[in-house]
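entry02.cif follows; it contains mmCIF, C-alpha atoms.
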data_coords
loop_
_atom_site.label_atom_id
_atom_site.label_comp_id
_atom_site.auth_asym_id
_atom_site.auth_seq_id
_atom_site.Cartn_x
_atom_site.Cartn_y
_atom_site.Cartn_z
CA MET A 1 72.59 246.66 137.77
CA ASP A 2 71.12 245.82 134.39
CA PRO A 3 68.51 248.51 133.58
CA ASN A 4 66.56 245.91 131.60
CA GLU A 5 66.06 243.90 134.79
CA PHE A 6 65.21 246.77 137.12
CA SER A 7 62.49 245.89 139.63
CA PHE A 8 60.03 248.68 140.31
CA ASP A 9 58.31 246.48 142.89
CA ALA A 10 61.59 246.34 144.82
CA LEU A 11 61.90 250.12 144.60
CA PHE A 12 58.35 250.75 145.82
CA SER A 13 58.75 248.31 148.72
CA CYS A 14 62.11 249.82 149.76
CA SER A 15 61.91 251.59 153.12
CA GLU A 16 63.97 254.50 151.76
CA PHE A 17 61.44 255.19 148.99
CA MET A 18 58.50 257.38 149.97
CA TYR A 19 55.42 258.40 148.11
CA VAL A 20 54.82 262.09 147.58
CA GLU A 21 51.18 263.04 147.31
CA SER A 22 50.28 266.36 145.75
CA ALA A 23 47.78 268.69 147.37
CA ARG A 24 45.53 268.21 144.33
CA THR A 25 45.52 264.43 144.81
CA SER A 26 44.77 264.81 148.50
CA ASP A 27 41.97 267.32 147.84
CA ASN A 28 40.39 265.07 145.20
CA PHE A 29 40.51 262.05 147.48
CA ASN A 30 38.92 264.07 150.30
CA GLU A 31 36.23 265.18 147.86
CA LEU A 32 35.56 261.52 147.01
CA GLU A 33 35.30 260.64 150.71
CA ASN A 34 32.81 263.46 151.28
CA PHE A 35 30.78 262.41 148.24
CA LEU A 36 30.63 258.82 149.49
CA LYS A 37 29.55 259.93 152.99
CA GLU A 38 26.77 262.08 151.56
CA ASN A 39 25.49 259.77 148.82
CA VAL A 40 26.25 256.17 149.74
CA LYS A 41 24.45 255.09 152.87
CA ASP A 42 25.80 251.53 152.91
CA ASP A 43 29.18 251.68 154.70
CA LYS A 44 30.32 248.38 153.16
CA ILE A 45 29.74 249.63 149.61
CA SER A 46 31.30 252.99 150.42
CA HIS A 47 34.37 251.27 151.85
CA GLU A 48 34.65 249.02 148.77
CA ILE A 49 34.43 252.01 146.39
CA LYS A 50 37.09 253.81 148.43
CA ASN A 51 39.41 250.77 148.32
CA LEU A 52 38.95 250.33 144.58
CA THR A 53 39.70 254.02 144.06
CA GLU A 54 42.85 253.82 146.20
CA ASN A 55 44.03 250.75 144.26
CA TYR A 56 43.38 252.49 140.95
CA GLY A 57 45.22 255.62 142.12
CA CYS A 58 48.23 253.61 143.31
CA ALA A 59 48.40 251.68 140.03
CA ALA A 60 48.21 254.90 138.00
CA TYR A 61 50.89 256.50 140.19
CA LYS A 62 53.22 253.52 139.80
CA ASP A 63 52.68 253.40 136.02
CA ALA A 64 53.38 257.12 135.69
CA PHE A 65 56.51 256.81 137.83
CA GLU A 66 57.75 253.83 135.83
CA GLN A 67 57.22 255.65 132.53
CA GLY A 68 59.01 258.75 133.83
CA PHE A 69 61.86 256.69 135.22
CA CYS A 70 62.34 254.77 131.97
CA PHE A 71 62.24 258.03 130.01
CA ALA A 72 64.92 259.51 132.28
CA VAL A 73 67.16 256.45 131.89
CA LYS A 74 66.74 256.46 128.10
CA SER A 75 67.46 260.20 127.99
CA ILE A 76 70.65 259.76 130.01
CA LYS A 77 71.75 256.87 127.78
CA PHE A 78 71.11 259.01 124.70
CA LEU A 79 73.03 261.96 126.14
CA LEU A 80 75.97 259.72 127.02
CA LYS A 81 76.23 258.64 123.37
CA ILE A 82 76.63 262.24 122.17
#
What is this file in structure tokens?
Amino acid sequence: MDPNEFSFDALFSCSEFMYVESARTSDNFNELENFLKENVKDDKISHEIKNLTENYGCAAYKDAFEQGFCFAVKSIKFLLKI
């Protein structure tokens, strides 16, 4: 496989790949849900905010994973040259 043509979308959609959510992430999302329940009376708006937040979180997670993965590959390539 050419590392320059690696598909992260294929990796994330693979059934063998699973997301790992930290306790901190889970706690913060629960805090958001509680905040929305207490302060946003319109369920439609609350649901939309929750969806936007989930999408933002997933995008940030994928970007962080991709950066870490690329760093690991570059590190291994560098070490193999030594």
Nearby residues (all atoms listed in the file) at most 10 Å from range 4-16 of chain A, same-chain spacing under 3 positions excluded, as number ranges by chain:
A: 1, 19, 62-63, 65-66, 69-70
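In terms of minimum interatomic distance to Thr25 in chain A, A:Cys58 ranks closest within A:Leu52, A:Leu80, A:Val73, A:Cys58, counting only C-alpha atoms.
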Between CA of Asn34 in chain A and CA of Ala60 in chain A, what distance in Å does the model show, to one decimal?
22.1 Å
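Of note, CA of Glu38 in chain A and CA of Val20 in chain A are spaced 28.3 Å apart.
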d(CA of Phe29 in chain A, CA of Phe71 in chain A) in Å
28.2 Å
Selected residue, from A:Asp27, A:Glu21, A:Glu33, A:Asp43, that lies nearest to Tyr61 in chain A when counting only C-alpha atoms:
A:Glu21
Could you write out as JSON the box around range 31-34 of chain A (axis-aligned, all atoms listed in the file, 8 Å on each side), with centre and edge lengths in Å to one decimal?
{"center_x": 34.5, "center_y": 262.9, "center_z": 149.1, "size_x": 19.4, "size_y": 20.5, "size_z": 20.3}
